[in-house]
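Structure record follows, encoded as structure tokens.
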Amino acid sequence: MKESINNLKISGVLALLHIAFFSVMLVSCGTAPAPTTTPTTPTTPTTPTTPTTPTTPTTPTTLPTQMGLAASSASVSSDGSDTSIITVLVLDAGNAAVENATVTLSATAGVLSTASVVTDATGKATLTFSASIISKINQTATITATLSGVTPAVTFQLPIKIGGSTMLLSNVNKNLNDNGLSFDVLTVNVKDGGGKAIANEAVTFSVSGTGKVTFTPASTTLDANGNASVNVFGSLAGNAIVTVSAAGTTATQDYIISPTGTAFGITAPSVDIYAMSVGDSYTLTVNAPTTLQVVFASTLGNLTGTSPVAGPASVITQTVVAGKASATLTATGVGSATIQVYDKS
């Protein structure tokens with residue numbers, strides 16, 4: 001039974017194959033139906049193009065015709081410790097913001113963070129300004145901005161103050177006589193906005209008023225500590241105002257110049273340079289018609305007197321008697337002694 005079943009199955013298969021063949025033959029005798037779709041020819045794949053890097057436009061979006069500058073601070077310190085933010089604004093004729101406008105900048109003093117800027121979509125660009133650490137002079141710097149590639153030229157200027165440097169004057173004697181012998185030592189000290197010494201700046205002196213004085217030296221320079229000094233001599237009776245200038249700063253000192261014989265000052269010795277030998281003594285005399293006490297000071301030798309300080313010392317105070325005060329200087333070594341006298345009051 002198992003074998004016949006297998007044979008039947010084989011026969012069935014053969015019959016099916018026969019019918020299938022016959023069916024094909026029938027179709028081949030008639031007209032072949034048109035295919036429902038035409039096979040498409042495969043296309044050759046295209047190579048993808050490499051994307052290009054977009055370029056930033058370098059020309060303004062519209063024609064710039066107007067420009068302005070603004071500062072976050074109208075002044076900066078002379079020591080260079082702070083900055084002011086400068087904003088540039090560029091507009092067209094219709095007051096619309098101009099993008100990609102190039103603006104060049106310069107300053108008469110101080111330091112700009114860049115020499116040119118390009119405006120953004122709002123028509124603005126920023127940079128910073130500060131004082132120079134090389135020059136600490138009090139002054140007003142002018143920032144000039146110029147639009148590039150525009151005819152006629154479009155420019156704008158903005159002033160920024162550089163300040164903070166200060167001057168201090170100190171002196172010993174403001175009462176001088178007009179004989180050119182009595183003098184005062186005027187000392188100058190100049191500092192920047194951060195309180196540090198300003199060096200190597202010229203110091204000049206001028207005088208105004210009814211009185212006159214002369215200066216030795218006529219001008220000088222600040223040293224590494226910001227100091228300078230000058231001798232001031234009376235030359236014409238009256239009130240004199242001395243103006244000192246350095247690093248953009250000024251200060252004044254008043255002097256009273258009196259006629260010889262009525263002015264406060266040294267009357268003996270009568271010459272500016274007096275020669276002495278070691279061990280010698282000389283009595284210094286001061287005319288002090290309106291003073292109660294006089295202070296004598298010497299850079300060399302010993303001073304002696306009566307009251308209220310007898311000495312010996314390098315500095316002593318003496319009481320004025322009949323408009324005069326005196327002290328004795330004794331030479332104790334070789335050198336140059338500078339004598340100063342001033343009203344104790």
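Order determines the names: the first chain of the structure tokens is A, the second B, and so forth; residues in each chain are numbered 1 upward, and ligands are numbered 1 upward as they are shown.
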Any idea what's packed within 8 Å of region 208-210 of chain A, counting only C-alpha atoms, ignoring anything in its chain fewer than 2 positions away? Could you give it as a PDB file with N, CA and C atoms, in the first residue's frame?
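After the write, selection19.pdb holds the following:
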ATOM      1  N   SER A 206      55.723 129.298  36.247  1.00  0.00           N
ATOM      2  CA  SER A 206      55.375 130.641  35.774  1.00  0.00           C
ATOM      3  C   SER A 206      54.906 131.469  36.968  1.00  0.00           C
ATOM      4  N   LYS A 212      57.227 139.720  41.798  1.00  0.00           N
ATOM      5  CA  LYS A 212      57.959 138.890  40.855  1.00  0.00           C
ATOM      6  C   LYS A 212      58.950 138.006  41.598  1.00  0.00           C
ATOM      7  N   ALA A 237      58.891 143.583  44.803  1.00  0.00           N
ATOM      8  CA  ALA A 237      57.939 143.594  45.914  1.00  0.00           C
ATOM      9  C   ALA A 237      56.502 143.490  45.420  1.00  0.00           C
ATOM     10  N   GLY A 238      55.708 142.742  46.163  1.00  0.00           N
ATOM     11  CA  GLY A 238      54.297 142.539  45.818  1.00  0.00           C
ATOM     12  C   GLY A 238      53.888 141.111  46.111  1.00  0.00           C
ATOM     13  N   ASN A 239      52.684 140.768  45.741  1.00  0.00           N
ATOM     14  CA  ASN A 239      52.196 139.393  45.899  1.00  0.00           C
ATOM     15  C   ASN A 239      52.434 138.624  44.601  1.00  0.00           C
ATOM     16  N   ALA A 240      53.078 137.477  44.725  1.00  0.00           N
ATOM     17  CA  ALA A 240      53.394 136.665  43.550  1.00  0.00           C
ATOM     18  C   ALA A 240      52.704 135.302  43.664  1.00  0.00           C
ATOM     19  N   ILE A 241      52.122 134.866  42.554  1.00  0.00           N
ATOM     20  CA  ILE A 241      51.490 133.542  42.484  1.00  0.00           C
ATOM     21  C   ILE A 241      52.303 132.695  41.516  1.00  0.00           C
ATOM     22  N   VAL A 242      52.907 131.634  42.046  1.00  0.00           N
ATOM     23  CA  VAL A 242      53.709 130.725  41.224  1.00  0.00           C
ATOM     24  C   VAL A 242      52.830 129.554  40.796  1.00  0.00           C
TER      25      VAL A 242
END
Contacts of region 161-172 of chain A at 9 Å or less, counting only C-alpha atoms, minus same-chain residues fewer than 6 places along, as a ChimeraX atom specification? /A:74-79,109-110,130-131,136-142,184-195,198,244-253,340-343
Find the residue from A:Asp272, A:Ala331, A:Gly226, A:Val213 that sits nearest to Thr243 (chain A); use only C-alpha atoms when measuring.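 Of all the options, A:Val213 lies closest to Thr243 (chain A).
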Using only C-alpha atoms: which of A:Val103, A:Val294, A:Ile273, A:Leu69 has the shortest distance to Leu158 (chain A):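 Looking at the shortest contact to Leu158 (chain A), the residue is A:Leu69.
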Can you check which parts of region 198-293 of chain A lie within 12 Å of region 298-315 of chain A? Per residue, the shortest pair of atoms and distance in Å to one decimal, counting only C-alpha atoms, sorted by chain and number, as a tab-separated table.
residue	atom	partner	partner_atom	distance
A:Met276	CA	A:Gly301	CA	10.8
A:Ser277	CA	A:Gly301	CA	11.1
A:Val278	CA	A:Gly301	CA	9.1
A:Gly279	CA	A:Gly301	CA	9.3
A:Asp280	CA	A:Gly301	CA	10.0
A:Ser281	CA	A:Asn302	CA	9.3
A:Tyr282	CA	A:Leu303	CA	9.6
A:Thr283	CA	A:Thr304	CA	9.3
A:Leu284	CA	A:Leu303	CA	9.5
A:Thr285	CA	A:Gly305	CA	11.3
A:Leu292	CA	A:Pro308	CA	11.6
A:Gln293	CA	A:Pro308	CA	9.2
Can you spit out the residues from that selection as a short mmCIF file (atom, residue, chain, number, x, y, z; two decimals), in the first residue's frame, using all heavy atoms?
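In the end it all went to out.cif:
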data_model
loop_
_atom_site.label_atom_id
_atom_site.label_comp_id
_atom_site.auth_asym_id
_atom_site.auth_seq_id
_atom_site.Cartn_x
_atom_site.Cartn_y
_atom_site.Cartn_z
N MET A 276 83.58 129.61 54.67
CA MET A 276 84.01 129.40 56.05
C MET A 276 85.00 128.25 56.08
O MET A 276 85.01 127.38 55.19
CB MET A 276 82.82 129.06 56.96
CG MET A 276 81.78 130.15 57.09
SD MET A 276 80.33 129.62 58.08
CE MET A 276 81.10 129.33 59.68
N SER A 277 85.84 128.22 57.11
CA SER A 277 86.76 127.11 57.34
C SER A 277 86.22 126.26 58.49
O SER A 277 85.42 126.73 59.32
CB SER A 277 88.15 127.62 57.67
OG SER A 277 88.66 128.40 56.61
N VAL A 278 86.67 125.01 58.54
CA VAL A 278 86.24 124.12 59.62
C VAL A 278 86.63 124.73 60.96
O VAL A 278 87.77 125.16 61.16
CB VAL A 278 86.86 122.72 59.46
CG1 VAL A 278 86.51 121.84 60.66
CG2 VAL A 278 86.40 122.08 58.16
N GLY A 279 85.69 124.82 61.89
CA GLY A 279 85.92 125.42 63.19
C GLY A 279 85.47 126.86 63.28
O GLY A 279 85.32 127.41 64.38
N ASP A 280 85.28 127.51 62.12
CA ASP A 280 84.82 128.91 62.12
C ASP A 280 83.35 128.99 62.55
O ASP A 280 82.58 128.04 62.38
CB ASP A 280 84.96 129.53 60.73
CG ASP A 280 86.40 129.82 60.35
OD1 ASP A 280 87.26 129.66 61.22
OD2 ASP A 280 86.63 130.17 59.17
N SER A 281 82.98 130.16 63.08
CA SER A 281 81.58 130.43 63.44
C SER A 281 81.13 131.72 62.77
O SER A 281 81.93 132.63 62.54
CB SER A 281 81.43 130.56 64.96
OG SER A 281 81.73 129.34 65.60
N TYR A 282 79.84 131.77 62.47
CA TYR A 282 79.28 132.96 61.83
C TYR A 282 77.86 133.16 62.38
O TYR A 282 77.08 132.21 62.49
CB TYR A 282 79.24 132.83 60.31
CG TYR A 282 78.83 134.11 59.61
CD1 TYR A 282 79.79 135.05 59.26
CD2 TYR A 282 77.49 134.38 59.34
CE1 TYR A 282 79.43 136.24 58.64
CE2 TYR A 282 77.12 135.56 58.72
CZ TYR A 282 78.09 136.49 58.37
OH TYR A 282 77.73 137.68 57.76
N THR A 283 77.53 134.41 62.69
CA THR A 283 76.20 134.74 63.21
C THR A 283 75.26 135.08 62.07
O THR A 283 75.50 136.02 61.31
CB THR A 283 76.27 135.91 64.20
OG1 THR A 283 77.10 135.55 65.30
CG2 THR A 283 74.87 136.25 64.72
N LEU A 284 74.23 134.30 61.94
CA LEU A 284 73.21 134.50 60.91
C LEU A 284 72.15 135.44 61.47
O LEU A 284 71.67 135.26 62.60
CB LEU A 284 72.56 133.17 60.53
CG LEU A 284 73.52 132.05 60.09
CD1 LEU A 284 72.77 130.73 60.01
CD2 LEU A 284 74.15 132.40 58.76
N THR A 285 71.77 136.44 60.69
CA THR A 285 70.77 137.40 61.13
C THR A 285 69.59 137.40 60.17
O THR A 285 69.78 137.40 58.94
CB THR A 285 71.36 138.82 61.20
OG1 THR A 285 72.50 138.81 62.06
CG2 THR A 285 70.35 139.81 61.73
N LEU A 292 57.12 136.42 65.43
CA LEU A 292 57.49 136.25 66.83
C LEU A 292 58.66 135.31 67.01
O LEU A 292 59.52 135.54 67.87
CB LEU A 292 56.28 135.74 67.64
CG LEU A 292 55.06 136.67 67.67
CD1 LEU A 292 53.93 136.01 68.45
CD2 LEU A 292 55.43 138.02 68.27
N GLN A 293 58.73 134.24 66.23
CA GLN A 293 59.82 133.28 66.33
C GLN A 293 60.26 132.86 64.93
O GLN A 293 59.45 132.78 64.00
CB GLN A 293 59.40 132.04 67.12
CG GLN A 293 59.20 132.30 68.62
CD GLN A 293 58.86 131.01 69.37
OE1 GLN A 293 58.19 130.14 68.87
NE2 GLN A 293 59.37 130.93 70.62
#
May I ask which of the residues A:Val118, A:Leu127, A:Ile86, A:Leu181 is the closest one to Val271 (chain A), counting only C-alpha atoms?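 The shortest atom-to-atom distance to Val271 (chain A) comes from A:Leu181.
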Write out as an MDAnalysis selection string each polymer residue whose atoms come within 8 Å of Leu236 (chain A), counting only C-alpha atoms; drop sequence neighbours fewer than 3 positions from it. chainID A and resid 177:178 211:213 257:259
Report as a PyMOL selection string: the residues of region 64-259 of chain A with a DSSP assignment of strand (DSSP E or B), based on the backbone of this structure. chain A and resi 66-71+75-77+84-91+97+102-107+111-112+116-118+124-130+139-147+155-163+166-170+175-177+183-191+197+202-209+212-216+219-221+227-236+238-246+249-258
Find the spatial neighbours of Gly123 (chain A), counting only C-alpha atoms, within a cut-off of 12 Å - ignore same-chain residues fewer than 6 positions away - and output them as a PDB file with all heavy atoms, in the first residue's frame.
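Result saved to result-v2.pdb:
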ATOM      1  N   PRO A  60      28.599  96.327   2.473  1.00  0.00           N
ATOM      2  CA  PRO A  60      27.434  96.737   3.260  1.00  0.00           C
ATOM      3  C   PRO A  60      26.137  96.333   2.585  1.00  0.00           C
ATOM      4  O   PRO A  60      26.036  96.275   1.356  1.00  0.00           O
ATOM      5  CB  PRO A  60      27.576  98.264   3.321  1.00  0.00           C
ATOM      6  CG  PRO A  60      29.022  98.533   3.033  1.00  0.00           C
ATOM      7  CD  PRO A  60      29.457  97.450   2.110  1.00  0.00           C
ATOM      8  N   THR A  61      25.132  96.025   3.407  1.00  0.00           N
ATOM      9  CA  THR A  61      23.832  95.639   2.862  1.00  0.00           C
ATOM     10  C   THR A  61      23.165  96.805   2.152  1.00  0.00           C
ATOM     11  O   THR A  61      22.466  96.612   1.160  1.00  0.00           O
ATOM     12  CB  THR A  61      22.941  95.143   4.004  1.00  0.00           C
ATOM     13  OG1 THR A  61      22.925  96.129   5.041  1.00  0.00           O
ATOM     14  CG2 THR A  61      23.479  93.839   4.583  1.00  0.00           C
ATOM     15  N   THR A  62      23.341  97.994   2.651  1.00  0.00           N
ATOM     16  CA  THR A  62      22.861  99.211   1.995  1.00  0.00           C
ATOM     17  C   THR A  62      23.958 100.260   2.084  1.00  0.00           C
ATOM     18  O   THR A  62      24.945 100.078   2.795  1.00  0.00           O
ATOM     19  CB  THR A  62      21.576  99.750   2.657  1.00  0.00           C
ATOM     20  OG1 THR A  62      21.832  99.959   4.051  1.00  0.00           O
ATOM     21  CG2 THR A  62      20.423  98.771   2.504  1.00  0.00           C
ATOM     22  N   LEU A  63      23.779 101.376   1.388  1.00  0.00           N
ATOM     23  CA  LEU A  63      24.810 102.406   1.355  1.00  0.00           C
ATOM     24  C   LEU A  63      24.817 103.169   2.677  1.00  0.00           C
ATOM     25  O   LEU A  63      23.834 103.814   3.038  1.00  0.00           O
ATOM     26  CB  LEU A  63      24.558 103.366   0.204  1.00  0.00           C
ATOM     27  CG  LEU A  63      25.600 104.484   0.022  1.00  0.00           C
ATOM     28  CD1 LEU A  63      26.957 103.890  -0.334  1.00  0.00           C
ATOM     29  CD2 LEU A  63      25.142 105.474  -1.044  1.00  0.00           C
ATOM     30  N   PRO A  64      25.930 103.114   3.425  1.00  0.00           N
ATOM     31  CA  PRO A  64      25.996 103.860   4.687  1.00  0.00           C
ATOM     32  C   PRO A  64      26.187 105.355   4.427  1.00  0.00           C
ATOM     33  O   PRO A  64      27.000 105.751   3.604  1.00  0.00           O
ATOM     34  CB  PRO A  64      27.218 103.262   5.378  1.00  0.00           C
ATOM     35  CG  PRO A  64      28.080 102.749   4.262  1.00  0.00           C
ATOM     36  CD  PRO A  64      27.148 102.323   3.171  1.00  0.00           C
ATOM     37  N   THR A  65      25.419 106.152   5.140  1.00  0.00           N
ATOM     38  CA  THR A  65      25.536 107.604   4.986  1.00  0.00           C
ATOM     39  C   THR A  65      25.669 108.334   6.311  1.00  0.00           C
ATOM     40  O   THR A  65      25.989 109.519   6.332  1.00  0.00           O
ATOM     41  CB  THR A  65      24.313 108.171   4.246  1.00  0.00           C
ATOM     42  OG1 THR A  65      23.136 107.884   5.014  1.00  0.00           O
ATOM     43  CG2 THR A  65      24.175 107.570   2.856  1.00  0.00           C
ATOM     44  N   GLN A  66      25.402 107.644   7.432  1.00  0.00           N
ATOM     45  CA  GLN A  66      25.450 108.282   8.742  1.00  0.00           C
ATOM     46  C   GLN A  66      26.222 107.413   9.725  1.00  0.00           C
ATOM     47  O   GLN A  66      26.204 106.184   9.622  1.00  0.00           O
ATOM     48  CB  GLN A  66      24.036 108.494   9.295  1.00  0.00           C
ATOM     49  CG  GLN A  66      23.105 109.236   8.374  1.00  0.00           C
ATOM     50  CD  GLN A  66      21.710 109.287   8.966  1.00  0.00           C
ATOM     51  OE1 GLN A  66      21.469 109.967   9.962  1.00  0.00           O
ATOM     52  NE2 GLN A  66      20.778 108.557   8.366  1.00  0.00           N
ATOM     53  N   MET A  67      26.891 108.066  10.679  1.00  0.00           N
ATOM     54  CA  MET A  67      27.645 107.319  11.678  1.00  0.00           C
ATOM     55  C   MET A  67      27.692 108.097  12.983  1.00  0.00           C
ATOM     56  O   MET A  67      27.692 109.332  12.992  1.00  0.00           O
ATOM     57  CB  MET A  67      29.082 107.061  11.188  1.00  0.00           C
ATOM     58  CG  MET A  67      29.963 106.295  12.173  1.00  0.00           C
ATOM     59  SD  MET A  67      31.556 105.857  11.451  1.00  0.00           S
ATOM     60  CE  MET A  67      32.153 107.469  10.940  1.00  0.00           C
ATOM     61  N   GLY A  68      27.728 107.367  14.103  1.00  0.00           N
ATOM     62  CA  GLY A  68      27.846 107.982  15.418  1.00  0.00           C
ATOM     63  C   GLY A  68      28.694 107.129  16.336  1.00  0.00           C
ATOM     64  O   GLY A  68      28.889 105.930  16.099  1.00  0.00           O
ATOM     65  N   LEU A  69      29.237 107.744  17.390  1.00  0.00           N
ATOM     66  CA  LEU A  69      30.024 107.049  18.407  1.00  0.00           C
ATOM     67  C   LEU A  69      29.429 107.348  19.775  1.00  0.00           C
ATOM     68  O   LEU A  69      28.952 108.452  20.027  1.00  0.00           O
ATOM     69  CB  LEU A  69      31.492 107.504  18.388  1.00  0.00           C
ATOM     70  CG  LEU A  69      32.327 107.229  17.141  1.00  0.00           C
ATOM     71  CD1 LEU A  69      33.737 107.783  17.340  1.00  0.00           C
ATOM     72  CD2 LEU A  69      32.390 105.753  16.847  1.00  0.00           C
ATOM     73  N   THR A  87      31.002 102.356  21.253  1.00  0.00           N
ATOM     74  CA  THR A  87      30.050 101.732  20.330  1.00  0.00           C
ATOM     75  C   THR A  87      29.937 102.569  19.069  1.00  0.00           C
ATOM     76  O   THR A  87      29.726 103.785  19.135  1.00  0.00           O
ATOM     77  CB  THR A  87      28.663 101.591  20.971  1.00  0.00           C
ATOM     78  OG1 THR A  87      28.772 100.794  22.156  1.00  0.00           O
ATOM     79  CG2 THR A  87      27.688 100.925  20.016  1.00  0.00           C
ATOM     80  N   VAL A  88      30.108 101.909  17.915  1.00  0.00           N
ATOM     81  CA  VAL A  88      29.983 102.551  16.606  1.00  0.00           C
ATOM     82  C   VAL A  88      28.627 102.179  16.020  1.00  0.00           C
ATOM     83  O   VAL A  88      28.237 101.007  16.041  1.00  0.00           O
ATOM     84  CB  VAL A  88      31.106 102.097  15.655  1.00  0.00           C
ATOM     85  CG1 VAL A  88      30.991 102.805  14.305  1.00  0.00           C
ATOM     86  CG2 VAL A  88      32.469 102.342  16.279  1.00  0.00           C
ATOM     87  N   LEU A  89      27.889 103.135  15.498  1.00  0.00           N
ATOM     88  CA  LEU A  89      26.596 102.892  14.850  1.00  0.00           C
ATOM     89  C   LEU A  89      26.616 103.486  13.448  1.00  0.00           C
ATOM     90  O   LEU A  89      26.949 104.653  13.264  1.00  0.00           O
ATOM     91  CB  LEU A  89      25.461 103.521  15.662  1.00  0.00           C
ATOM     92  CG  LEU A  89      24.054 103.432  15.044  1.00  0.00           C
ATOM     93  CD1 LEU A  89      23.612 101.980  14.914  1.00  0.00           C
ATOM     94  CD2 LEU A  89      23.044 104.226  15.870  1.00  0.00           C
ATOM     95  N   VAL A  90      26.245 102.649  12.445  1.00  0.00           N
ATOM     96  CA  VAL A  90      26.226 103.093  11.051  1.00  0.00           C
ATOM     97  C   VAL A  90      24.810 102.907  10.504  1.00  0.00           C
ATOM     98  O   VAL A  90      24.204 101.839  10.651  1.00  0.00           O
ATOM     99  CB  VAL A  90      27.231 102.293  10.194  1.00  0.00           C
ATOM    100  CG1 VAL A  90      27.164 102.744   8.732  1.00  0.00           C
ATOM    101  CG2 VAL A  90      28.646 102.473  10.732  1.00  0.00           C
ATOM    102  N   LEU A  91      24.273 103.960   9.870  1.00  0.00           N
ATOM    103  CA  LEU A  91      22.927 103.950   9.306  1.00  0.00           C
ATOM    104  C   LEU A  91      22.971 104.384   7.846  1.00  0.00           C
ATOM    105  O   LEU A  91      23.919 105.034   7.399  1.00  0.00           O
ATOM    106  CB  LEU A  91      22.007 104.906  10.092  1.00  0.00           C
ATOM    107  CG  LEU A  91      21.878 104.688  11.604  1.00  0.00           C
ATOM    108  CD1 LEU A  91      21.030 105.804  12.214  1.00  0.00           C
ATOM    109  CD2 LEU A  91      21.280 103.327  11.916  1.00  0.00           C
ATOM    110  N   ASP A  92      21.886 104.021   7.134  1.00  0.00           N
ATOM    111  CA  ASP A  92      21.762 104.510   5.761  1.00  0.00           C
ATOM    112  C   ASP A  92      20.925 105.787   5.752  1.00  0.00           C
ATOM    113  O   ASP A  92      20.571 106.321   6.819  1.00  0.00           O
ATOM    114  CB  ASP A  92      21.183 103.433   4.838  1.00  0.00           C
ATOM    115  CG  ASP A  92      19.759 103.036   5.223  1.00  0.00           C
ATOM    116  OD1 ASP A  92      19.117 103.760   6.020  1.00  0.00           O
ATOM    117  OD2 ASP A  92      19.285 102.004   4.729  1.00  0.00           O
ATOM    118  N   ASN A  95      17.810 105.871   7.866  1.00  0.00           N
ATOM    119  CA  ASN A  95      18.034 105.564   9.284  1.00  0.00           C
ATOM    120  C   ASN A  95      17.911 104.076   9.597  1.00  0.00           C
ATOM    121  O   ASN A  95      17.631 103.687  10.740  1.00  0.00           O
ATOM    122  CB  ASN A  95      17.071 106.354  10.187  1.00  0.00           C
ATOM    123  CG  ASN A  95      17.373 107.833  10.200  1.00  0.00           C
ATOM    124  OD1 ASN A  95      18.527 108.237  10.084  1.00  0.00           O
ATOM    125  ND2 ASN A  95      16.339 108.653  10.312  1.00  0.00           N
ATOM    126  N   ALA A  96      18.127 103.243   8.582  1.00  0.00           N
ATOM    127  CA  ALA A  96      18.155 101.798   8.804  1.00  0.00           C
ATOM    128  C   ALA A  96      19.577 101.352   9.088  1.00  0.00           C
ATOM    129  O   ALA A  96      20.546 101.916   8.554  1.00  0.00           O
ATOM    130  CB  ALA A  96      17.608 101.070   7.580  1.00  0.00           C
ATOM    131  N   ALA A  97      19.725 100.326   9.937  1.00  0.00           N
ATOM    132  CA  ALA A  97      21.049  99.808  10.289  1.00  0.00           C
ATOM    133  C   ALA A  97      21.743  99.246   9.061  1.00  0.00           C
ATOM    134  O   ALA A  97      21.127  98.604   8.218  1.00  0.00           O
ATOM    135  CB  ALA A  97      20.920  98.738  11.360  1.00  0.00           C
ATOM    136  N   VAL A  98      23.034  99.501   8.964  1.00  0.00           N
ATOM    137  CA  VAL A  98      23.838  99.007   7.848  1.00  0.00           C
ATOM    138  C   VAL A  98      24.786  97.926   8.367  1.00  0.00           C
ATOM    139  O   VAL A  98      25.613  98.173   9.245  1.00  0.00           O
ATOM    140  CB  VAL A  98      24.648 100.135   7.187  1.00  0.00           C
ATOM    141  CG1 VAL A  98      25.519  99.584   6.063  1.00  0.00           C
ATOM    142  CG2 VAL A  98      23.712 101.213   6.660  1.00  0.00           C
ATOM    143  N   GLU A  99      24.637  96.740   7.826  1.00  0.00           N
ATOM    144  CA  GLU A  99      25.489  95.621   8.217  1.00  0.00           C
ATOM    145  C   GLU A  99      26.735  95.568   7.332  1.00  0.00           C
ATOM    146  O   GLU A  99      26.711  95.993   6.177  1.00  0.00           O
ATOM    147  CB  GLU A  99      24.717  94.308   8.096  1.00  0.00           C
ATOM    148  CG  GLU A  99      25.462  93.084   8.611  1.00  0.00           C
ATOM    149  CD  GLU A  99      24.642  91.814   8.501  1.00  0.00           C
ATOM    150  OE1 GLU A  99      23.521  91.868   7.947  1.00  0.00           O
ATOM    151  OE2 GLU A  99      25.124  90.761   8.965  1.00  0.00           O
ATOM    152  N   ASN A 100      27.845  95.048   7.915  1.00  0.00           N
ATOM    153  CA  ASN A 100      29.110  94.833   7.193  1.00  0.00           C
ATOM    154  C   ASN A 100      29.783  96.122   6.735  1.00  0.00           C
ATOM    155  O   ASN A 100      30.556  96.121   5.771  1.00  0.00           O
ATOM    156  CB  ASN A 100      28.899  93.911   5.983  1.00  0.00           C
ATOM    157  CG  ASN A 100      28.413  92.546   6.377  1.00  0.00           C
ATOM    158  OD1 ASN A 100      28.855  91.993   7.383  1.00  0.00           O
ATOM    159  ND2 ASN A 100      27.479  91.994   5.613  1.00  0.00           N
ATOM    160  N   ALA A 101      29.494  97.220   7.403  1.00  0.00           N
ATOM    161  CA  ALA A 101      30.204  98.466   7.115  1.00  0.00           C
ATOM    162  C   ALA A 101      31.524  98.471   7.884  1.00  0.00           C
ATOM    163  O   ALA A 101      31.559  98.182   9.080  1.00  0.00           O
ATOM    164  CB  ALA A 101      29.355  99.664   7.515  1.00  0.00           C
ATOM    165  N   THR A 102      32.605  98.779   7.200  1.00  0.00           N
ATOM    166  CA  THR A 102      33.928  98.826   7.835  1.00  0.00           C
ATOM    167  C   THR A 102      34.237 100.247   8.281  1.00  0.00           C
ATOM    168  O   THR A 102      34.104 101.197   7.500  1.00  0.00           O
ATOM    169  CB  THR A 102      35.016  98.344   6.861  1.00  0.00           C
ATOM    170  OG1 THR A 102      34.737  96.993   6.481  1.00  0.00           O
ATOM    171  CG2 THR A 102      36.385  98.398   7.520  1.00  0.00           C
ATOM    172  N   VAL A 103      34.636 100.378   9.547  1.00  0.00           N
ATOM    173  CA  VAL A 103      34.949 101.677  10.129  1.00  0.00           C
ATOM    174  C   VAL A 103      36.370 101.636  10.678  1.00  0.00           C
ATOM    175  O   VAL A 103      36.723 100.722  11.440  1.00  0.00           O
ATOM    176  CB  VAL A 103      33.963 102.038  11.265  1.00  0.00           C
ATOM    177  CG1 VAL A 103      34.325 103.395  11.865  1.00  0.00           C
ATOM    178  CG2 VAL A 103      32.535 102.030  10.756  1.00  0.00           C
ATOM    179  N   VAL A 117      36.702  98.166  12.749  1.00  0.00           N
ATOM    180  CA  VAL A 117      35.611  97.270  13.140  1.00  0.00           C
ATOM    181  C   VAL A 117      34.667  97.108  11.965  1.00  0.00           C
ATOM    182  O   VAL A 117      34.659  97.927  11.033  1.00  0.00           O
ATOM    183  CB  VAL A 117      34.835  97.806  14.364  1.00  0.00           C
ATOM    184  CG1 VAL A 117      35.702  97.795  15.615  1.00  0.00           C
ATOM    185  CG2 VAL A 117      34.309  99.218  14.090  1.00  0.00           C
TER     186      VAL A 117
END
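Using only C-alpha atoms, the shortest contact distance between Phe233 (chain A) and any of A:Phe205, A:Phe264, A:Tyr255, A:Phe183 is found at A:Phe183.
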Go ahead and compute the interatomic distance for CA of Val150 (chain A) and CA of Asp120 (chain A), in Å to one decimal.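 If I compute the distance from CA of Val150 (chain A) to CA of Asp120 (chain A), I get 17.9 Å.
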Report, in Å to a single decimal, how far apart CA of Asn287 (chain A) and CA of Thr262 (chain A) are.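 Rounded to one decimal, the two atoms are 7.3 Å apart.
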d(CA of Thr328 (chain A), CA of Thr214 (chain A)) in Å: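 One can read the CA of Thr328 (chain A) to CA of Thr214 (chain A) distance as 28.6 Å.
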